[in-house]
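A.B. asks: Have a look at this one before I ask anything.
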There are 2 protein chains.
Amino acid sequence: MTPASSLLLTDLYQFTMLQAYLDRGMTDTAVFEFYSRRLPEHRCFLLAAGLESALEFLESARFTAEEVDWLASTGRFNRRFLDYVAEFRFSGEVHAMQEGTVFFPDEPVLRITAPLPEAQLVETRLINLLQYQILVASKAARSVLAAPGKLLVEFGLRRAHGAEAGLLAARSAYLAGFAGSSNVLAEQRYGIPSFGTMAHSFILAHHDEEQAFADFALSLPHNVTFLIDTYDTEAGAEKVVHLAPRLKEQGVTIRSVRLDSGDLADHARKVRRILDHGGLTEVGIFASGDLDEYALQELASAPIGGFGIGTRLTTCADQPYLNCAYKLQEYAGLPRRKRSEGKATWPGRKQVYRTPEKDVLTLESDPQPGTPLLERVMADGQRLRPAPDLDTTLRAHAAAQLAALPQALRRLEPGAVYEVEIAPALQQLADRLDAADS
Amino acid sequence: MTPASSLLLTDLYQFTMLQAYLDRGMTDTAVFEFYSRRLPEHRCFLLAAGLESALEFLESARFTAEEVDWLASTGRFNRRFLDYVAEFRFSGEVHAMQEGTVFFPDEPVLRITAPLPEAQLVETRLINLLQYQILVASKAARSVLAAPGKLLVEFGLRRAHGAEAGLLAARSAYLAGFAGSSNVLAEQRYGIPSFGTMAHSFILAHHDEEQAFADFALSLPHNVTFLIDTYDTEAGAEKVVHLAPRLKEQGVTIRSVRLDSGDLADHARKVRRILDHGGLTEVGIFASGDLDEYALQELASAPIGGFGIGTRLTTCADQPYLNCAYKLQEYAGLPRRKRSEGKATWPGRKQVYRTPEKDVLTLESDPQPGTPLLERVMADGQRLRPAPDLDTTLRAHAAAQLAALPQALRRLEPGAVYEVEIAPALQQLADRLDAADS
């Protein structure tokens with residue numbers, strides 16, 4: 001078993017609570033919602049992501065016989081608990097926003113309706129899947145908005161936090177509008193176009209930089225990109241110019257040169273002149289190295305056609321976590337409200353209605369004008385539709401959502417606030433629960 | 001196949017370079033070293049971690065038949081490449097620092113000596129595994145140093161970046177001196193003690209907080225921890241006092257109460273008075289909620305015996321990536337040196353010697369006084385020793401390393417610098433390579 005597919009990948013308290021629920025017969029229907037409590041400091045909006053992986057998790061959630069035996073061997077759990085986990089299936093409903101939907105704080109992205117023990121047990125992994133993909137998609141969207149018309153490639157696998165983060169980052173960035181990723185598994189698994197050049201080690205393994213370029217090009221003659229900064233960037237560009245006629249004779253098409261260090265704008269201008277002067281006007285410039293959306297904005301006027309965005313994106317460096325929660329909103333037909341300091345929740349089963357001017361957050365039972373953002377995507381533990389196509393459906397949806405954003409929210413600078421109105425029905429419910437409890 | 005075990009989880013350029021190396025017959029021995037270029041802003045030292053998972057990766061690295069077929073189907077690669085990957089095994093040597101070793105910038109943590117195509121192909125995943133575990137272990141060590149004698153539990157699975165990060169974070173924190181983790185898979189996989197309490201949803205699912213406490217305690221009567229901040233922290237503590245005699249009669253031992261919101265120091269003092277006044281002097285206070293090493297330092301005088309450290313640790317929030325590299329240092333018997341701006345490397349096969357005053361970084365062929373930190377742990381692609389015991393060997397080693405740190409480096413505030421001397425032999429080699437190339 002791998003971490004991603006084991007139901008033991010959870011917090012111990014999910015199991016201790018499960019035993020208590022089973023012992024007390026607390027198996028009525030519970031409603032949990034996943035949402036963000038507030039926007040990260042440098043964000044004006046968030047982009048929904050991770051739903052398909054969450055549904056896959058719910059559909060396939062099982063304990064293996066070995067895992068049940070191991071749980072028994074810890075001596076912590078009783079027979080009722082062990083029988084339950086041995087037969088565990090998720091049998092509930094899921095309402096969710098489609099991946100690629102723009103959303104705001106307090107708006108539920110996903111709602112689980114299921115017997116309390118089931119809805120509780122899946123909490124940790126659902127948050128684990130949703131949070132990270134939302135973080136990456138939301139940050140990648142900012143690069144897309146900051147660099148219109150540029151080729152953006154996700155390059156961050158090596159510094160992503162583990163294997164799964166590397167894979168999910170490639171998908172989340174692509175969802176948000178990147179052209180692809182360096183990650184080959186993301187191509188095999190999701191059909192995401194993969195891009196690649198060469199490493200400095202390739203140059204260093206040769207005695208001569210120009211020879212390294214030639215070796216590489218003759219081995220992979222289509223759409224070659226040369227990394228030219230190992231020793232001296234402009235000298236590297238000169239070598240490409242020198243080599244180009246010979247390579248052309250041998251059927252090589254040079255697509256671009258890559259810069260990976262130093263002042264990228266300055267090098268790009270110098271390299272552009274060298275390439276143009278050498279007749280290589282068709283050869284583009286691709287840049288990488290500690291880039292993020294702010295760097296892209298600064299490089300907007302540089303003659304660079306494409307960017308590799310790595311570490312800062314896959315680690316969500318300026319905001320590596322989301323203030324988000326998966327909270328019980330209703331149990332056994334009654335709405336619930338947590339009131340911990342700074343962490344109060346909006347109770348009940350909720351829906352979000354979007355109009356051109358604002359969103360309205362209200363109870364599911366209180367329809368409003370506008371488009372409802374949550375739809376039912378799973379019932380009886382089974383998906384109600386096949387997974388939407390990543391390209392034609394989800395990516396297109398994300399692009400439309402970003403295009404529809406008010407101009408003030410499209411800027412990198414935070415401060416613009418989109419209105420999320422709390423409908424009277426929801427406010428009244430919250431007030432009523434507070435009054436009843438106090 | 002899962003992301004963690006697929007060799008397709010790599011950057012496309014590893015494959016394009018591989019094809020070029022094979023086409024040109026560049027299969028001589030290469031030496032790559034993994035190291036950090038500089039310390040993160042808020043760190044005085046780093047802690048080595050991830051070696052055992054790296055060795056496991058190297059020993060088991062294979063392409064499946066399906067993966068080879070898929071690579072063929074992309075049309076990118078030639079027959080020589082496809083034959084090579086079909087038979088791929090890592091056959092090289094590994095020298096490395098033991099997990100738990102304190103290290104500093106420029107010092108290699110791991111060295112690979114293998115035919116160039118093999119040493120190159122494993123780059124991306126090696127960095128992916130080592131970087132994250134080093135980040136978490138190094139940050140966790142700061143909490144251990146900031147809160148001597150306190151029970152520290154890793155609580156961050158839900159906001160870790162994906163499944164593997166959640167699992168590796170638990171292990172890295174434990175290596176650095178944490179008492180355990182909330183992560184059940186970490187207990188099953190690595191024997192790491194798991195800890196857990198209850199969620200707010202457990203309280204909210206009941207009509208009455210005191211009833212929720214009773215239900216939980218009677219279901220799991222040993223070492224119970226009550227979460228008391230769902231409505232009003234001090235009122236929650238009073239309920240525990242009220243409930244305690246009845247629970248004691250029924251064989252329940254109350255271990256602690258947990259605070260998760262508000263001013264933790266202030267609540268802890270009030271709750272301590274309530275518990276003591278109610279005769280529960282043996283019941284401890286456990287705290288959680290946005291904690292990190294700085295919060296622990298501030299809470300040092302509060303009557304809190306244990307802490308759950310979650311999101312900020314598992315996301316390495318103040319420093320989510322390491323400026324680190326895996327660089328070619330020698331090929332076909334000749335040392336290599338990259339000179340890209342700001343990214344120059346120390347060439348050759350290196351060793352680090354530690355003395356009480358300083359470390360000396362030099363060539364392997366240039367022995368120095370002190371303890372060499374790199375040892376050979378793999379040859380011919382096979383481990384030279386069984387995996388060391390996490391408790392008795394690796395954790396003990398990390399504790400000894402932290403205990404031996406100079407006092408100035410044990411503080412949270414950065415600024416103290418440990419001397420890493422470049423030996424004359426290494427400096428001369430670098431100068432010689434620069435002179436030869438220019």
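Lettering and numbering for the structure tokens are positional, with chains as A, B, ... in the shown order, residues counted from 1 in each chain, and ligands counted from 1 in the shown order.
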Excluding Pro406 in chain A and residues on its chain fewer than 3 positions from it, collect all residues at most 10 Å away from it, counting only C-alpha atoms, and give them as a PyMOL selection string.
C.D. replies: chain A and resi 356-357+402-403+409-411+416+418
A.B. asks: Taking C-alpha atoms for each residue, export the selection above as a PDB file, in the first residue's frame.
C.D. replies:
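Contents of selection_4.pdb, as written:
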```
ATOM      1  CA  PRO A 356     -22.140  39.708 -12.001  1.00  0.00           C
ATOM      2  CA  GLU A 357     -21.896  42.018  -8.969  1.00  0.00           C
ATOM      3  CA  LEU A 402     -10.575  34.031 -14.892  1.00  0.00           C
ATOM      4  CA  ALA A 403     -11.792  36.006 -17.900  1.00  0.00           C
ATOM      5  CA  LEU A 409      -9.213  41.194  -8.829  1.00  0.00           C
ATOM      6  CA  ARG A 410      -7.001  40.292 -11.790  1.00  0.00           C
ATOM      7  CA  ARG A 411      -4.106  42.376 -10.512  1.00  0.00           C
ATOM      8  CA  ALA A 416      -9.626  44.474  -4.081  1.00  0.00           C
ATOM      9  CA  TYR A 418     -15.270  40.837  -4.008  1.00  0.00           C
TER      10      TYR A 418
END
```
A.B. asks: So which residues touch range 252-254 of chain A within 7 Å, counting only C-alpha atoms, skipping near sequence neighbours fewer than 2 positions away, as an mmCIF file with N, CA and C atoms, in the first residue's frame?
C.D. replies:
```
data_model
loop_
_atom_site.group_PDB
_atom_site.id
_atom_site.type_symbol
_atom_site.label_atom_id
_atom_site.label_comp_id
_atom_site.auth_asym_id
_atom_site.auth_seq_id
_atom_site.Cartn_x
_atom_site.Cartn_y
_atom_site.Cartn_z
ATOM 1 N N ALA A 217 21.435 18.148 -29.829
ATOM 2 C CA ALA A 217 20.555 18.449 -30.967
ATOM 3 C C ALA A 217 20.484 17.270 -31.933
ATOM 4 N N LEU A 218 21.593 16.600 -32.135
ATOM 5 C CA LEU A 218 21.595 15.506 -33.109
ATOM 6 C C LEU A 218 20.867 14.288 -32.550
ATOM 7 N N PRO A 221 16.447 15.935 -32.539
ATOM 8 C CA PRO A 221 16.532 17.076 -33.459
ATOM 9 C C PRO A 221 15.298 17.966 -33.532
ATOM 10 N N HIS A 222 14.217 17.589 -32.884
ATOM 11 C CA HIS A 222 12.990 18.379 -33.035
ATOM 12 C C HIS A 222 12.805 19.347 -31.882
ATOM 13 N N ASN A 223 12.612 20.614 -32.201
ATOM 14 C CA ASN A 223 12.285 21.608 -31.178
ATOM 15 C C ASN A 223 13.298 21.646 -30.044
ATOM 16 N N VAL A 224 14.546 21.794 -30.412
ATOM 17 C CA VAL A 224 15.621 21.778 -29.421
ATOM 18 C C VAL A 224 15.676 23.097 -28.648
ATOM 19 N N THR A 225 15.913 22.978 -27.349
ATOM 20 C CA THR A 225 16.208 24.160 -26.535
ATOM 21 C C THR A 225 17.588 23.991 -25.915
ATOM 22 N N LEU A 247 23.770 22.553 -37.923
ATOM 23 C CA LEU A 247 22.638 21.772 -37.394
ATOM 24 C C LEU A 247 21.477 21.769 -38.381
ATOM 25 N N LYS A 248 21.259 22.932 -39.015
ATOM 26 C CA LYS A 248 20.153 23.023 -39.958
ATOM 27 C C LYS A 248 20.331 22.011 -41.090
ATOM 28 N N GLN A 250 21.596 19.273 -40.888
ATOM 29 C CA GLN A 250 21.342 17.918 -40.404
ATOM 30 C C GLN A 250 19.915 17.746 -39.885
ATOM 31 N N SER A 256 14.464 27.226 -29.099
ATOM 32 C CA SER A 256 14.756 28.331 -28.180
ATOM 33 C C SER A 256 16.082 28.121 -27.457
ATOM 34 N N VAL A 283 14.268 31.826 -33.352
ATOM 35 C CA VAL A 283 14.608 31.125 -32.110
ATOM 36 C C VAL A 283 14.157 31.963 -30.924
#
```
A.B. asks: Would you pick out the contacts of range 231-237 of chain B at 7 Å or less, using only C-alpha atoms, so that residues sharing its chain but fewer than 4 positions from it are not included, and give the list as a list in words?
C.D. replies: Lys338, Arg339 and Ser340 of chain A; Val241, Lys270, Val271, Ile274 and Leu275 of chain B
A.B. asks: A:Thr74, A:Thr230, A:Thr314, A:Gln98: which is nearest Phe202 in chain A, counting only C-alpha atoms?
C.D. replies: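 Distance minimum relative to Phe202 in chain A lands on A:Thr230.
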A.B. asks: Going by DSSP on the backbone, which bits of range 242-329 of chain A are helix (DSSP H, G or I)? Write them as an MDAnalysis selection string, please.
C.D. replies: chainID A and resid 242:249 264:277 293:298 311:314
A.B. asks: Please return as a list of chain:residue names: the residues of range 130-215 of chain B that backbone DSSP assigns to strand (DSSP E).
C.D. replies: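 Residues meeting the strand (DSSP E) criterion: B:Leu151, B:Leu152, B:Val153, B:Glu154, B:Gly180, B:Ser181.
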A.B. asks: Write out as a list in words which residues come within 7 Å of Gly381 in chain B when counting only C-alpha atoms, dropping same-chain ones fewer than 2 positions away.
C.D. replies: Leu58, Glu59, Phe90, Ser91, Gly92, Glu93, Met378, Ala379 and Arg383 of chain B
A.B. asks: Please provide the set of residues having any atom within 10 Å of Leu157 in chain A, restricted to only C-alpha atoms, with same-chain residues fewer than 4 positions apart removed, written as a list in words.
C.D. replies: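 Result of the neighbour search: His161, Gly162, Ala163, Glu164, Ala165, Gly166, Leu167, Leu168, Ala169, Ala170, Ser181, Ser182, Asn183, Gly310, Thr311, Leu313, Thr314 and Thr315 of chain A; Leu9, Thr10, Asp11, Thr124, Arg125, Ile127 and Asn128 of chain B.
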A.B. asks: Can I get the selection written as a PDB file, in the first residue's frame, with N, CA and C atoms?
C.D. replies:
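See selection_24.pdb below for the written result:
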```
ATOM      1  N   HIS A 161       6.837  19.091  -2.238  1.00  0.00           N
ATOM      2  CA  HIS A 161       6.930  18.338  -0.990  1.00  0.00           C
ATOM      3  C   HIS A 161       6.480  16.897  -1.219  1.00  0.00           C
ATOM      4  N   GLY A 162       7.372  16.089  -1.754  1.00  0.00           N
ATOM      5  CA  GLY A 162       7.051  14.690  -1.970  1.00  0.00           C
ATOM      6  C   GLY A 162       6.490  14.424  -3.361  1.00  0.00           C
ATOM      7  N   ALA A 163       6.251  13.140  -3.619  1.00  0.00           N
ATOM      8  CA  ALA A 163       5.849  12.669  -4.942  1.00  0.00           C
ATOM      9  C   ALA A 163       4.457  13.156  -5.328  1.00  0.00           C
ATOM     10  N   GLU A 164       3.509  12.992  -4.429  1.00  0.00           N
ATOM     11  CA  GLU A 164       2.147  13.340  -4.802  1.00  0.00           C
ATOM     12  C   GLU A 164       2.003  14.836  -5.058  1.00  0.00           C
ATOM     13  N   ALA A 165       2.664  15.653  -4.245  1.00  0.00           N
ATOM     14  CA  ALA A 165       2.607  17.094  -4.466  1.00  0.00           C
ATOM     15  C   ALA A 165       3.143  17.435  -5.860  1.00  0.00           C
ATOM     16  N   GLY A 166       4.223  16.774  -6.258  1.00  0.00           N
ATOM     17  CA  GLY A 166       4.778  17.049  -7.581  1.00  0.00           C
ATOM     18  C   GLY A 166       3.787  16.760  -8.695  1.00  0.00           C
ATOM     19  N   LEU A 167       3.079  15.658  -8.554  1.00  0.00           N
ATOM     20  CA  LEU A 167       2.113  15.276  -9.585  1.00  0.00           C
ATOM     21  C   LEU A 167       0.891  16.200  -9.572  1.00  0.00           C
ATOM     22  N   LEU A 168       0.376  16.467  -8.389  1.00  0.00           N
ATOM     23  CA  LEU A 168      -0.821  17.308  -8.286  1.00  0.00           C
ATOM     24  C   LEU A 168      -0.529  18.758  -8.671  1.00  0.00           C
ATOM     25  N   ALA A 169       0.688  19.205  -8.418  1.00  0.00           N
ATOM     26  CA  ALA A 169       1.052  20.578  -8.807  1.00  0.00           C
ATOM     27  C   ALA A 169       0.999  20.736 -10.320  1.00  0.00           C
ATOM     28  N   ALA A 170       1.494  19.736 -11.037  1.00  0.00           N
ATOM     29  CA  ALA A 170       1.469  19.805 -12.503  1.00  0.00           C
ATOM     30  C   ALA A 170       0.021  19.922 -12.993  1.00  0.00           C
ATOM     31  N   SER A 181       4.019  20.994 -18.220  1.00  0.00           N
ATOM     32  CA  SER A 181       4.867  20.730 -17.058  1.00  0.00           C
ATOM     33  C   SER A 181       6.100  19.966 -17.513  1.00  0.00           C
ATOM     34  N   SER A 182       7.139  20.000 -16.702  1.00  0.00           N
ATOM     35  CA  SER A 182       8.300  19.149 -16.980  1.00  0.00           C
ATOM     36  C   SER A 182       8.054  17.708 -16.552  1.00  0.00           C
ATOM     37  N   ASN A 183       6.972  17.482 -15.832  1.00  0.00           N
ATOM     38  CA  ASN A 183       6.732  16.206 -15.150  1.00  0.00           C
ATOM     39  C   ASN A 183       6.168  15.154 -16.128  1.00  0.00           C
ATOM     40  N   GLY A 310       8.968  27.126 -11.210  1.00  0.00           N
ATOM     41  CA  GLY A 310       9.177  25.912 -10.451  1.00  0.00           C
ATOM     42  C   GLY A 310       8.882  26.030  -8.978  1.00  0.00           C
ATOM     43  N   THR A 311       9.950  26.058  -8.220  1.00  0.00           N
ATOM     44  CA  THR A 311       9.901  25.955  -6.767  1.00  0.00           C
ATOM     45  C   THR A 311       8.850  26.835  -6.111  1.00  0.00           C
ATOM     46  N   LEU A 313       6.182  28.062  -7.134  1.00  0.00           N
ATOM     47  CA  LEU A 313       4.807  27.646  -7.417  1.00  0.00           C
ATOM     48  C   LEU A 313       4.463  26.348  -6.693  1.00  0.00           C
ATOM     49  N   THR A 314       5.311  25.328  -6.840  1.00  0.00           N
ATOM     50  CA  THR A 314       4.927  24.020  -6.281  1.00  0.00           C
ATOM     51  C   THR A 314       5.009  24.002  -4.760  1.00  0.00           C
ATOM     52  N   THR A 315       5.793  24.888  -4.170  1.00  0.00           N
ATOM     53  CA  THR A 315       5.788  24.974  -2.702  1.00  0.00           C
ATOM     54  C   THR A 315       4.827  26.067  -2.225  1.00  0.00           C
TER      55      THR A 315
ATOM     56  N   LEU B   9       7.954   9.717 -12.718  1.00  0.00           N
ATOM     57  CA  LEU B   9       7.894  10.919 -11.868  1.00  0.00           C
ATOM     58  C   LEU B   9       9.259  11.595 -11.930  1.00  0.00           C
ATOM     59  N   THR B  10       9.503  12.269 -13.031  1.00  0.00           N
ATOM     60  CA  THR B  10      10.782  12.952 -13.228  1.00  0.00           C
ATOM     61  C   THR B  10      10.581  14.048 -14.254  1.00  0.00           C
ATOM     62  N   ASP B  11      11.620  14.843 -14.458  1.00  0.00           N
ATOM     63  CA  ASP B  11      11.559  15.896 -15.467  1.00  0.00           C
ATOM     64  C   ASP B  11      11.888  15.319 -16.839  1.00  0.00           C
ATOM     65  N   THR B 124      15.954  13.981 -10.152  1.00  0.00           N
ATOM     66  CA  THR B 124      14.750  14.712  -9.744  1.00  0.00           C
ATOM     67  C   THR B 124      14.136  14.121  -8.476  1.00  0.00           C
ATOM     68  N   ARG B 125      13.992  12.801  -8.451  1.00  0.00           N
ATOM     69  CA  ARG B 125      13.367  12.189  -7.285  1.00  0.00           C
ATOM     70  C   ARG B 125      14.262  12.267  -6.048  1.00  0.00           C
ATOM     71  N   ILE B 127      16.293  14.720  -5.246  1.00  0.00           N
ATOM     72  CA  ILE B 127      16.109  16.062  -4.677  1.00  0.00           C
ATOM     73  C   ILE B 127      14.738  16.149  -4.005  1.00  0.00           C
ATOM     74  N   ASN B 128      13.726  15.621  -4.702  1.00  0.00           N
ATOM     75  CA  ASN B 128      12.355  15.657  -4.175  1.00  0.00           C
ATOM     76  C   ASN B 128      12.274  14.991  -2.793  1.00  0.00           C
TER      77      ASN B 128
END
```
A.B. asks: Tell me which protein, DNA and RNA residues are within 8 Å of Leu47 in chain A, counting only C-alpha atoms, leaving out same-chain ones fewer than 4 positions away, and put them as a ChimeraX atom specification.
C.D. replies: /A:99-103,134-135,137-138,141,176,398
A.B. asks: Set the distance at 9 Å and use only C-alpha atoms: which residues neighbour Tyr190 in chain B once local chain neighbours fewer than 5 positions away are removed? I'd like the list as JSON, numbers by chain.
C.D. replies: {"B": [171, 185, 390]}
A.B. asks: Quick one: write out the picked residues with C-alpha atoms as a short mmCIF file (atom, residue, chain, number, x, y, z; two decimals), in the first residue's frame?
C.D. replies:
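Below you can see selection33.cif, which holds the result:
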```cif
data_model
loop_
_atom_site.label_atom_id
_atom_site.label_comp_id
_atom_site.auth_asym_id
_atom_site.auth_seq_id
_atom_site.Cartn_x
_atom_site.Cartn_y
_atom_site.Cartn_z
CA ARG B 171 9.02 10.67 10.27
CA LEU B 185 0.10 5.45 8.89
CA LEU B 390 14.76 4.87 13.70
#
```
A.B. asks: Between CA of Ser288 in chain A and CA of Ala436 in chain B, what distance in Å does the model show, to one decimal?
C.D. replies: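 We find that CA of Ser288 in chain A and CA of Ala436 in chain B lie 28.6 Å from each other.
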A.B. asks: A:Phe178, A:Pro320, A:Ala114, A:Ile192: which is nearest chain B, counting only C-alpha atoms?
C.D. replies: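 Residue with the minimum atom-to-atom distance to chain B: A:Pro320.
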A.B. asks: Have a look at A:Gln428, A:Ser172, A:Gln211, A:Ser219 and name the one nearest to chain B; count only C-alpha atoms.
C.D. replies: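 For chain B, the nearest of the given residues is A:Ser219.
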A.B. asks: Name the closest residue to chain A among the candidates B:Lys239, B:Arg142, B:Arg62, B:Arg336; distances are taken between atoms, counting only C-alpha atoms.
C.D. replies: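 Looking only at the distances to chain A, the closest residue turns out to be B:Arg336.
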